[in-house]
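**Student:** Here it is, the structure in full.
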Amino acid sequence: MTRILHRQISHSYPVAATARGVIIHDSAGKEYIDASAGAAVSCLGHSHPDVLAAMHKQLDQLAYAHTSFFTSQVAEELADDLIAHAPKGIGRVFYVSGGSEAVEAALKLARQYFVERGELQRRFIIARRQSYHGVTLGALAIGGREWQRKQFGPLLIETHHVSAVYEYRDKRAGETVEAYGARLADELESKIDALGSENVIAFVAETVVGATLGAVPAVPGYFRRVREICNRHGILLILDEVMCGMGRTGTLHACEQEGISPDLMAIAKGLGGGYAPIGALLIQEKIFNTVAEGSGAFLHSHTYMGHPLACAAALAVQRVIRRDDLLENVRRQGDYLSRRLNERFGNHPFVGDLRGRGLFQGIEIVSDRGTKEPFDPSYRLHARIKHEAMARGLMIYPMGGTVDGTRGDHVLLAPPFIIDSATIDTIVERLADAIDAAVAA
Ligand SMILES: Cc1ncc(COP(=O)(O)O)c(C=O)c1O
């Protein structure tokens with residue numbers, strides 16, 4: 001009997017015993033290809049010797065020193081490294097221990113920024129439906145997964161939602177992608193007008209939507225227009241790159257491919273690659289300066305922020321990615337993965353859409369390609385696909401509720417950046433078998 005309150009109480013989880021590269025072994029000796037890097041976390045794969053060495057070295061020097069007393073050399077070095085490669089205007093880093101904490105910090109710093117400026121009336125956050133920003137109360141409030149928010153409704157801050165960019169289902173027949181993107185940006189502006197722009201704190205979006213939609217990028221021009229709208233109304237743009245950032249889409253930050261820079265950006269997962277819990281909030285200098293010249297302190301902190309061991313892990317991960325030019329491999333193998341998925345599933349009767357960027361690829365499953373009708377949610381196809389994949393030694397990240405929070409299924413693939421073509425071939429074949437078995441069951 002387990003004493004752990006696991007994610008699914010009735011599910012019996014295999015015990016992960018050892019891991020190396022893209023393979024995890026369970027305690028029964030079974031091998032799994034980690035084709036999703038867990039949940040888009042293990043960007044370097046498992047047991048990377050350089051990361052382990054950096055962590056051992058840090059442990060021998062300093063494991064922990066509380067940040068109300070000290071800073072540490074490794075935390076400073078990581079911050080310098082992050083800022084050296086950050087989007088334009090980003091000049092400061094606030095450390096946390098994961099994605100939800102990074103989003104929570106973004107919401108509070110955004111509010112405090114306006115308080116410091118005397119704009120106390122600003123209280124609204126606008127976010128998008130079909131997004132995931134985490135489970136803490138602020139992050140949950142702005143998230144768009146209705147099934148997850150519903151029961152906690154009375155505890156959540158007031159948030160307003162606009163449409164996600166979801167070309168496969170929501171672009172109208174005959175509408176160009178540019179016109180579609182402009183329509184969605186106009187929807188944001190109408191929402192701001194309705195709330196009164198002087199009352200709005202920020203607009204929050206995942207640059208490429210991960211867990212809820214399955215690797216859906218925005219259409220060209222959308223984020224540029226969003227940036228202009230936020231600027232015009234004096235509203236902060238917060239990007240959540242917890243899942244899609246830190247190289248996953250082929251550039252260090254996904255927003256580089258959109259040609260914009262956010263005011264605040266949440267990063268986590270690939271930052272430490274799973275070697276230690278770490279996330280960060282990247283901050284524009286203008287926001288930092290407002291607080292520095294105002295009250296002088298961000299009224300928000302955690303016991304484990306800037307943990308030296310976590311910072312050492314993240315610094316080593318980021319250095320290996322650069323030294324080994326792994327973003328080039330993300331782009332090259334990402335193209336290969338996309339090609340192989342198109343070859344294998346392009347005419348598959350139950351695959352409606354293939355999308356993604358770099359090593360961040362999504363497959364939307366439908367019961368009818370013509371009508372795009374999803375499977376009946378009570379069938380829990382996504383859970384069946386995961387079960388069949390695990391039985392075949394394949395870790396993938398399927399999810400339900402793709403279409404509207406209840407209906408729809410997709411599979412997210414996000415293999416480690418060290419993946420090779422032969423392993424991708426195996427992933428695609430095992431995935432096809434798993435989908436076919438789940439549909440037939
Ligand atoms: C886009 C995004 N934001 C935030 C989070 C929350 O991160 P964490 O689970 O580390 O709290 C996630 C986790 O999947 C995510 O994908």
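In the structure tokens, the first chain shown is A, the next is B, and so on; residue numbers restart at 1 for each chain, and ligands run from 1 in the order shown.
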How would you write, as a ChimeraX atom specification, the set of residues no farther than 6 Å from ligand 1 when counting only C-alpha atoms and all ligand atoms?
**Tutor:** /A:98-100,132-134,206,210-211,240-243
**Student:** Please, which residues in range 138-219 of chain A fall within 10 Å of range 251-257 of chain A when counting only C-alpha atoms, and what is the closest atom pair and distance in Å to one decimal for each, ordered by chain then residue number, as JSON lines?
**Tutor:**
{"residue": "A:Glu206", "atom": "CA", "partner": "A:Ala254", "partner_atom": "CA", "distance": 9.4}
{"residue": "A:Thr207", "atom": "CA", "partner": "A:Cys255", "partner_atom": "CA", "distance": 6.3}
{"residue": "A:Val208", "atom": "CA", "partner": "A:Ala254", "partner_atom": "CA", "distance": 7.2}
{"residue": "A:Pro217", "atom": "CA", "partner": "A:Ala254", "partner_atom": "CA", "distance": 9.3}
**Student:** Check range 189-369 of chain A with DSSP on the backbone and list each residue it calls helix (DSSP H, G or I), as a VMD selection string.
**Tutor:** chain A and resid 189 to 195 197 to 199 222 to 233 254 to 258 269 to 271 285 to 293 308 to 323 326 to 345
**Student:** Just the residues within 9 Å of range 308-325 of chain A, please, counting only C-alpha atoms, with nothing from its chain fewer than 4 positions along; format it as a PyMOL selection string.
**Tutor:** chain A and resi 43-44+48+50-59+62-65+72-79+81-82+97+246-247+270-278+329+417
**Student:** Select, from A:Lys286, A:His160, A:Arg145, A:Arg123, the residue with the minimum atom-to-atom distance to Lys108 in chain A, counting only C-alpha atoms.
**Tutor:**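 Closest residue, counting only C-alpha atoms: A:Arg123.
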**Student:** List as an mmCIF file with all heavy atoms, in the first residue's frame the protein and nucleic acid residues near Arg407 in chain A, meaning an atom at most 12 Å away when only C-alpha atoms are counted, but skip any in the same chain fewer than 6 places from it.
**Tutor:**
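File part-v3.cif, as written:
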data_model
loop_
_atom_site.group_PDB
_atom_site.id
_atom_site.type_symbol
_atom_site.label_atom_id
_atom_site.label_comp_id
_atom_site.auth_asym_id
_atom_site.auth_seq_id
_atom_site.Cartn_x
_atom_site.Cartn_y
_atom_site.Cartn_z
ATOM 1 N N GLN A 130 -8.756 27.961 -22.839
ATOM 2 C CA GLN A 130 -7.906 26.866 -23.315
ATOM 3 C C GLN A 130 -6.433 27.104 -23.037
ATOM 4 O O GLN A 130 -5.582 26.790 -23.874
ATOM 5 C CB GLN A 130 -8.112 26.628 -24.821
ATOM 6 C CG GLN A 130 -9.506 26.237 -25.217
ATOM 7 C CD GLN A 130 -9.995 25.046 -24.432
ATOM 8 O OE1 GLN A 130 -10.541 25.206 -23.366
ATOM 9 N NE2 GLN A 130 -9.781 23.857 -24.926
ATOM 10 N N ARG A 145 -8.870 26.250 -18.183
ATOM 11 C CA ARG A 145 -9.419 24.900 -18.117
ATOM 12 C C ARG A 145 -10.595 24.868 -17.163
ATOM 13 O O ARG A 145 -10.397 24.783 -15.954
ATOM 14 C CB ARG A 145 -8.366 23.966 -17.540
ATOM 15 C CG ARG A 145 -7.560 23.243 -18.539
ATOM 16 C CD ARG A 145 -6.716 22.283 -17.731
ATOM 17 N NE ARG A 145 -5.651 21.758 -18.529
ATOM 18 C CZ ARG A 145 -4.626 21.100 -18.030
ATOM 19 N NH1 ARG A 145 -4.544 20.931 -16.724
ATOM 20 N NH2 ARG A 145 -3.705 20.627 -18.805
ATOM 21 N N GLU A 146 -11.774 24.928 -17.724
ATOM 22 C CA GLU A 146 -12.966 25.071 -16.894
ATOM 23 C C GLU A 146 -13.116 23.930 -15.884
ATOM 24 O O GLU A 146 -13.449 24.147 -14.727
ATOM 25 C CB GLU A 146 -14.187 25.186 -17.811
ATOM 26 C CG GLU A 146 -15.191 26.255 -17.445
ATOM 27 C CD GLU A 146 -14.714 27.392 -16.549
ATOM 28 O OE1 GLU A 146 -13.859 28.179 -16.969
ATOM 29 O OE2 GLU A 146 -15.206 27.496 -15.389
ATOM 30 N N TRP A 147 -12.854 22.687 -16.331
ATOM 31 C CA TRP A 147 -13.061 21.547 -15.428
ATOM 32 C C TRP A 147 -12.176 21.616 -14.203
ATOM 33 O O TRP A 147 -12.506 21.107 -13.141
ATOM 34 C CB TRP A 147 -12.876 20.214 -16.167
ATOM 35 C CG TRP A 147 -11.507 19.997 -16.789
ATOM 36 C CD1 TRP A 147 -11.150 20.303 -18.064
ATOM 37 C CD2 TRP A 147 -10.338 19.435 -16.180
ATOM 38 N NE1 TRP A 147 -9.830 19.976 -18.293
ATOM 39 C CE2 TRP A 147 -9.310 19.435 -17.146
ATOM 40 C CE3 TRP A 147 -10.055 18.936 -14.908
ATOM 41 C CZ2 TRP A 147 -8.032 18.949 -16.895
ATOM 42 C CZ3 TRP A 147 -8.768 18.449 -14.659
ATOM 43 C CH2 TRP A 147 -7.778 18.469 -15.646
ATOM 44 N N THR A 212 -3.044 22.322 -22.619
ATOM 45 C CA THR A 212 -4.496 22.305 -22.887
ATOM 46 C C THR A 212 -4.854 22.128 -24.353
ATOM 47 O O THR A 212 -5.891 21.560 -24.665
ATOM 48 C CB THR A 212 -5.178 23.604 -22.410
ATOM 49 O OG1 THR A 212 -4.388 24.685 -22.815
ATOM 50 C CG2 THR A 212 -5.371 23.613 -20.921
ATOM 51 N N LEU A 213 -4.016 22.659 -25.259
ATOM 52 C CA LEU A 213 -4.355 22.552 -26.685
ATOM 53 C C LEU A 213 -3.440 21.594 -27.439
ATOM 54 O O LEU A 213 -3.811 21.104 -28.493
ATOM 55 C CB LEU A 213 -4.301 23.932 -27.359
ATOM 56 C CG LEU A 213 -5.531 24.836 -27.194
ATOM 57 C CD1 LEU A 213 -5.347 26.126 -27.981
ATOM 58 C CD2 LEU A 213 -6.801 24.135 -27.657
ATOM 59 N N GLU A 364 -3.987 16.179 -32.759
ATOM 60 C CA GLU A 364 -5.374 16.205 -32.269
ATOM 61 C C GLU A 364 -6.137 15.012 -32.848
ATOM 62 O O GLU A 364 -6.142 14.779 -34.059
ATOM 63 C CB GLU A 364 -6.066 17.521 -32.639
ATOM 64 C CG GLU A 364 -7.458 17.562 -32.019
ATOM 65 C CD GLU A 364 -8.069 18.955 -31.928
ATOM 66 O OE1 GLU A 364 -7.310 19.949 -31.925
ATOM 67 O OE2 GLU A 364 -9.311 19.037 -31.862
ATOM 68 N N ILE A 365 -6.775 14.271 -31.965
ATOM 69 C CA ILE A 365 -7.482 13.049 -32.365
ATOM 70 C C ILE A 365 -8.975 13.369 -32.501
ATOM 71 O O ILE A 365 -9.547 14.045 -31.627
ATOM 72 C CB ILE A 365 -7.325 11.933 -31.297
ATOM 73 C CG1 ILE A 365 -5.891 11.880 -30.769
ATOM 74 C CG2 ILE A 365 -7.786 10.595 -31.846
ATOM 75 C CD1 ILE A 365 -4.888 11.221 -31.635
ATOM 76 N N VAL A 366 -9.586 12.903 -33.573
ATOM 77 C CA VAL A 366 -11.024 13.126 -33.801
ATOM 78 C C VAL A 366 -11.676 11.806 -34.202
ATOM 79 O O VAL A 366 -11.000 10.883 -34.677
ATOM 80 C CB VAL A 366 -11.261 14.172 -34.923
ATOM 81 C CG1 VAL A 366 -10.845 15.565 -34.473
ATOM 82 C CG2 VAL A 366 -10.537 13.785 -36.207
ATOM 83 N N SER A 367 -12.978 11.731 -34.035
ATOM 84 C CA SER A 367 -13.656 10.501 -34.459
ATOM 85 C C SER A 367 -14.012 10.575 -35.937
ATOM 86 O O SER A 367 -14.275 9.563 -36.571
ATOM 87 C CB SER A 367 -14.908 10.257 -33.613
ATOM 88 O OG SER A 367 -15.869 11.242 -33.889
ATOM 89 N N LYS A 372 -14.640 16.940 -37.935
ATOM 90 C CA LYS A 372 -13.776 17.266 -36.785
ATOM 91 C C LYS A 372 -14.436 16.906 -35.455
ATOM 92 O O LYS A 372 -14.062 17.427 -34.403
ATOM 93 C CB LYS A 372 -13.381 18.758 -36.772
ATOM 94 C CG LYS A 372 -12.667 19.221 -38.039
ATOM 95 C CD LYS A 372 -12.245 20.676 -37.923
ATOM 96 C CE LYS A 372 -11.584 21.128 -39.216
ATOM 97 N NZ LYS A 372 -11.224 22.548 -39.233
ATOM 98 N N GLU A 373 -15.429 16.039 -35.515
ATOM 99 C CA GLU A 373 -16.134 15.623 -34.307
ATOM 100 C C GLU A 373 -15.162 14.864 -33.382
ATOM 101 O O GLU A 373 -14.511 13.908 -33.813
ATOM 102 C CB GLU A 373 -17.312 14.726 -34.706
ATOM 103 C CG GLU A 373 -18.225 14.276 -33.588
ATOM 104 C CD GLU A 373 -18.932 15.431 -32.861
ATOM 105 O OE1 GLU A 373 -19.129 16.506 -33.476
ATOM 106 O OE2 GLU A 373 -19.246 15.236 -31.672
ATOM 107 N N PRO A 374 -15.059 15.289 -32.120
ATOM 108 C CA PRO A 374 -14.175 14.544 -31.209
ATOM 109 C C PRO A 374 -14.810 13.247 -30.732
ATOM 110 O O PRO A 374 -16.005 13.018 -30.947
ATOM 111 C CB PRO A 374 -13.995 15.501 -30.030
ATOM 112 C CG PRO A 374 -15.143 16.439 -30.085
ATOM 113 C CD PRO A 374 -15.652 16.474 -31.494
ATOM 114 N N PHE A 375 -14.030 12.426 -30.060
ATOM 115 C CA PHE A 375 -14.579 11.223 -29.431
ATOM 116 C C PHE A 375 -15.445 11.631 -28.238
ATOM 117 O O PHE A 375 -15.240 12.701 -27.652
ATOM 118 C CB PHE A 375 -13.439 10.308 -28.948
ATOM 119 C CG PHE A 375 -12.901 9.431 -30.030
ATOM 120 C CD1 PHE A 375 -12.040 9.942 -31.000
ATOM 121 C CD2 PHE A 375 -13.262 8.091 -30.109
ATOM 122 C CE1 PHE A 375 -11.550 9.143 -32.015
ATOM 123 C CE2 PHE A 375 -12.777 7.281 -31.122
ATOM 124 C CZ PHE A 375 -11.926 7.809 -32.081
ATOM 125 N N ASP A 376 -16.378 10.781 -27.886
ATOM 126 C CA ASP A 376 -17.202 11.013 -26.699
ATOM 127 C C ASP A 376 -16.271 11.113 -25.482
ATOM 128 O O ASP A 376 -15.465 10.205 -25.246
ATOM 129 C CB ASP A 376 -18.160 9.814 -26.544
ATOM 130 C CG ASP A 376 -19.150 10.032 -25.416
ATOM 131 O OD1 ASP A 376 -18.784 10.722 -24.428
ATOM 132 O OD2 ASP A 376 -20.271 9.509 -25.513
ATOM 133 N N PRO A 377 -16.373 12.205 -24.709
ATOM 134 C CA PRO A 377 -15.442 12.363 -23.578
ATOM 135 C C PRO A 377 -15.508 11.229 -22.563
ATOM 136 O O PRO A 377 -14.513 10.947 -21.881
ATOM 137 C CB PRO A 377 -15.863 13.691 -22.929
ATOM 138 C CG PRO A 377 -16.939 14.267 -23.742
ATOM 139 C CD PRO A 377 -17.286 13.350 -24.866
ATOM 140 N N SER A 378 -16.667 10.564 -22.464
ATOM 141 C CA SER A 378 -16.776 9.483 -21.472
ATOM 142 C C SER A 378 -15.871 8.295 -21.842
ATOM 143 O O SER A 378 -15.557 7.456 -21.009
ATOM 144 C CB SER A 378 -18.229 9.008 -21.354
ATOM 145 O OG SER A 378 -18.616 8.407 -22.564
ATOM 146 N N TYR A 379 -15.433 8.270 -23.108
ATOM 147 C CA TYR A 379 -14.536 7.196 -23.560
ATOM 148 C C TYR A 379 -13.111 7.413 -23.027
ATOM 149 O O TYR A 379 -12.310 6.488 -22.973
ATOM 150 C CB TYR A 379 -14.550 7.164 -25.094
ATOM 151 C CG TYR A 379 -13.847 5.980 -25.700
ATOM 152 C CD1 TYR A 379 -14.293 4.677 -25.469
ATOM 153 C CD2 TYR A 379 -12.732 6.159 -26.513
ATOM 154 C CE1 TYR A 379 -13.635 3.591 -26.031
ATOM 155 C CE2 TYR A 379 -12.075 5.079 -27.081
ATOM 156 C CZ TYR A 379 -12.526 3.803 -26.839
ATOM 157 O OH TYR A 379 -11.881 2.728 -27.388
ATOM 158 N N ARG A 380 -12.809 8.654 -22.638
ATOM 159 C CA ARG A 380 -11.488 9.035 -22.101
ATOM 160 C C ARG A 380 -10.344 8.510 -22.982
ATOM 161 O O ARG A 380 -9.409 7.855 -22.529
ATOM 162 C CB ARG A 380 -11.328 8.544 -20.660
ATOM 163 C CG ARG A 380 -12.274 9.260 -19.699
ATOM 164 C CD ARG A 380 -12.093 8.845 -18.256
ATOM 165 N NE ARG A 380 -10.715 8.978 -17.762
ATOM 166 C CZ ARG A 380 -10.133 10.119 -17.435
ATOM 167 N NH1 ARG A 380 -10.785 11.244 -17.554
ATOM 168 N NH2 ARG A 380 -8.892 10.127 -16.995
ATOM 169 N N LEU A 381 -10.476 8.865 -24.262
ATOM 170 C CA LEU A 381 -9.509 8.355 -25.236
ATOM 171 C C LEU A 381 -8.069 8.728 -24.874
ATOM 172 O O LEU A 381 -7.156 7.906 -24.991
ATOM 173 C CB LEU A 381 -9.855 8.895 -26.644
ATOM 174 C CG LEU A 381 -8.906 8.452 -27.739
ATOM 175 C CD1 LEU A 381 -8.970 6.941 -27.947
ATOM 176 C CD2 LEU A 381 -9.205 9.176 -29.053
ATOM 177 N N HIS A 382 -7.874 9.952 -24.407
ATOM 178 C CA HIS A 382 -6.520 10.398 -24.071
ATOM 179 C C HIS A 382 -5.884 9.507 -23.006
ATOM 180 O O HIS A 382 -4.711 9.164 -23.089
ATOM 181 C CB HIS A 382 -6.541 11.868 -23.625
ATOM 182 C CG HIS A 382 -7.443 12.121 -22.461
ATOM 183 N ND1 HIS A 382 -6.993 12.200 -21.176
ATOM 184 C CD2 HIS A 382 -8.776 12.279 -22.387
ATOM 185 C CE1 HIS A 382 -8.013 12.402 -20.356
ATOM 186 N NE2 HIS A 382 -9.110 12.460 -21.071
ATOM 187 N N MET A 399 -3.885 14.566 -23.400
ATOM 188 C CA MET A 399 -4.795 15.340 -22.549
ATOM 189 C C MET A 399 -6.164 15.403 -23.205
ATOM 190 O O MET A 399 -6.271 15.352 -24.444
ATOM 191 C CB MET A 399 -4.228 16.759 -22.391
ATOM 192 C CG MET A 399 -4.821 17.588 -21.288
ATOM 193 S SD MET A 399 -4.552 16.902 -19.635
ATOM 194 C CE MET A 399 -2.819 17.224 -19.375
ATOM 195 N N GLY A 400 -7.214 15.538 -22.367
ATOM 196 C CA GLY A 400 -8.572 15.679 -22.891
ATOM 197 C C GLY A 400 -9.066 17.104 -22.732
ATOM 198 O O GLY A 400 -8.402 17.937 -22.125
ATOM 199 N N GLY A 401 -10.234 17.385 -23.284
ATOM 200 C CA GLY A 401 -10.829 18.724 -23.158
ATOM 201 C C GLY A 401 -10.288 19.721 -24.160
ATOM 202 O O GLY A 401 -10.458 20.933 -24.006
#
**Student:** Can you pull out every residue within 9 Å of Leu264 in chain A, counting only C-alpha atoms, but drop anything in the same chain fewer than 6 positions away, and send it as a ChimeraX atom specification?
**Tutor:** /A:90,106,109-110,236-240,281-284,287
**Student:** Restricting it to N, CA, C and O atoms, dump the selection as a PDB file, in the first residue's frame.
**Tutor:**
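Okay, selection-v2.pdb is ready:
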ATOM      1  N   ILE A  90      14.513  43.036 -20.975  1.00  0.00           N
ATOM      2  CA  ILE A  90      14.452  42.244 -19.739  1.00  0.00           C
ATOM      3  C   ILE A  90      15.793  42.393 -19.028  1.00  0.00           C
ATOM      4  O   ILE A  90      16.837  42.113 -19.623  1.00  0.00           O
ATOM      5  N   ALA A 106       4.393  36.750 -11.281  1.00  0.00           N
ATOM      6  CA  ALA A 106       4.137  37.695 -12.379  1.00  0.00           C
ATOM      7  C   ALA A 106       2.881  38.517 -12.090  1.00  0.00           C
ATOM      8  O   ALA A 106       2.871  39.744 -12.257  1.00  0.00           O
ATOM      9  N   LEU A 109       3.662  40.952  -9.146  1.00  0.00           N
ATOM     10  CA  LEU A 109       4.575  42.044  -9.504  1.00  0.00           C
ATOM     11  C   LEU A 109       3.869  43.034 -10.441  1.00  0.00           C
ATOM     12  O   LEU A 109       4.073  44.246 -10.342  1.00  0.00           O
ATOM     13  N   ALA A 110       3.032  42.492 -11.327  1.00  0.00           N
ATOM     14  CA  ALA A 110       2.286  43.381 -12.241  1.00  0.00           C
ATOM     15  C   ALA A 110       1.380  44.310 -11.445  1.00  0.00           C
ATOM     16  O   ALA A 110       1.322  45.518 -11.693  1.00  0.00           O
ATOM     17  N   LEU A 236       0.257  45.629 -19.134  1.00  0.00           N
ATOM     18  CA  LEU A 236       1.437  44.765 -19.218  1.00  0.00           C
ATOM     19  C   LEU A 236       1.114  43.495 -20.007  1.00  0.00           C
ATOM     20  O   LEU A 236       0.012  42.950 -19.903  1.00  0.00           O
ATOM     21  N   LEU A 237       2.104  43.034 -20.750  1.00  0.00           N
ATOM     22  CA  LEU A 237       1.980  41.744 -21.459  1.00  0.00           C
ATOM     23  C   LEU A 237       2.834  40.725 -20.702  1.00  0.00           C
ATOM     24  O   LEU A 237       4.060  40.873 -20.596  1.00  0.00           O
ATOM     25  N   ILE A 238       2.158  39.710 -20.169  1.00  0.00           N
ATOM     26  CA  ILE A 238       2.854  38.632 -19.448  1.00  0.00           C
ATOM     27  C   ILE A 238       2.825  37.390 -20.325  1.00  0.00           C
ATOM     28  O   ILE A 238       1.744  36.914 -20.697  1.00  0.00           O
ATOM     29  N   LEU A 239       3.978  36.879 -20.694  1.00  0.00           N
ATOM     30  CA  LEU A 239       4.024  35.620 -21.448  1.00  0.00           C
ATOM     31  C   LEU A 239       4.373  34.487 -20.501  1.00  0.00           C
ATOM     32  O   LEU A 239       5.273  34.606 -19.668  1.00  0.00           O
ATOM     33  N   ASP A 240       3.633  33.400 -20.649  1.00  0.00           N
ATOM     34  CA  ASP A 240       3.905  32.191 -19.877  1.00  0.00           C
ATOM     35  C   ASP A 240       4.647  31.217 -20.792  1.00  0.00           C
ATOM     36  O   ASP A 240       4.053  30.596 -21.676  1.00  0.00           O
ATOM     37  N   LEU A 281      10.986  34.381 -12.941  1.00  0.00           N
ATOM     38  CA  LEU A 281      10.226  35.436 -13.603  1.00  0.00           C
ATOM     39  C   LEU A 281      11.251  36.396 -14.193  1.00  0.00           C
ATOM     40  O   LEU A 281      12.117  36.897 -13.466  1.00  0.00           O
ATOM     41  N   LEU A 282      11.157  36.629 -15.498  1.00  0.00           N
ATOM     42  CA  LEU A 282      12.049  37.582 -16.165  1.00  0.00           C
ATOM     43  C   LEU A 282      11.319  38.923 -16.240  1.00  0.00           C
ATOM     44  O   LEU A 282      10.142  38.977 -16.613  1.00  0.00           O
ATOM     45  N   ILE A 283      12.035  39.986 -15.902  1.00  0.00           N
ATOM     46  CA  ILE A 283      11.385  41.272 -15.619  1.00  0.00           C
ATOM     47  C   ILE A 283      11.990  42.407 -16.440  1.00  0.00           C
ATOM     48  O   ILE A 283      13.218  42.572 -16.470  1.00  0.00           O
ATOM     49  N   GLN A 284      11.128  43.212 -17.081  1.00  0.00           N
ATOM     50  CA  GLN A 284      11.598  44.404 -17.793  1.00  0.00           C
ATOM     51  C   GLN A 284      12.195  45.400 -16.802  1.00  0.00           C
ATOM     52  O   GLN A 284      11.677  45.572 -15.696  1.00  0.00           O
ATOM     53  N   ILE A 287       9.908  47.931 -15.028  1.00  0.00           N
ATOM     54  CA  ILE A 287       9.121  47.448 -13.894  1.00  0.00           C
ATOM     55  C   ILE A 287      10.003  47.380 -12.650  1.00  0.00           C
ATOM     56  O   ILE A 287       9.632  47.841 -11.573  1.00  0.00           O
TER      57      ILE A 287
END
**Student:** Which is closest to Val330 in chain A among A:Ala86, A:Ala297, A:Ala391, A:Ile419, if we use only C-alpha atoms?
**Tutor:**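 The answer is A:Ile419, which sits nearest to Val330 in chain A.
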**Student:** Between CA of Ala440 in chain A and CA of Ile427 in chain A, what distance in Å does the model show, to one decimal?
**Tutor:**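 Between CA of Ala440 in chain A and CA of Ile427 in chain A the gap is 19.8 Å.
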**Student:** What does the structure give for the distance between CA of Tyr222 in chain A and CA of Thr176 in chain A, in Å to one decimal?
**Tutor:**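 One can read the CA of Tyr222 in chain A to CA of Thr176 in chain A distance as 12.3 Å.
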**Student:** Skipping near chain neighbours, those fewer than 3 positions away, what residues fall within 6 Å of Ala40 in chain A using only C-alpha atoms, listed as a PyMOL selection string?
**Tutor:** chain A and resi 36-37+414
**Student:** Of the candidates A:Val93, A:Ile418, A:Ala280, A:Leu299, which shows the shortest atom-to-atom distance to Glu116 in chain A, using only C-alpha atoms?
**Tutor:**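 Answer, going by the shortest atom-to-atom distance: A:Leu299.
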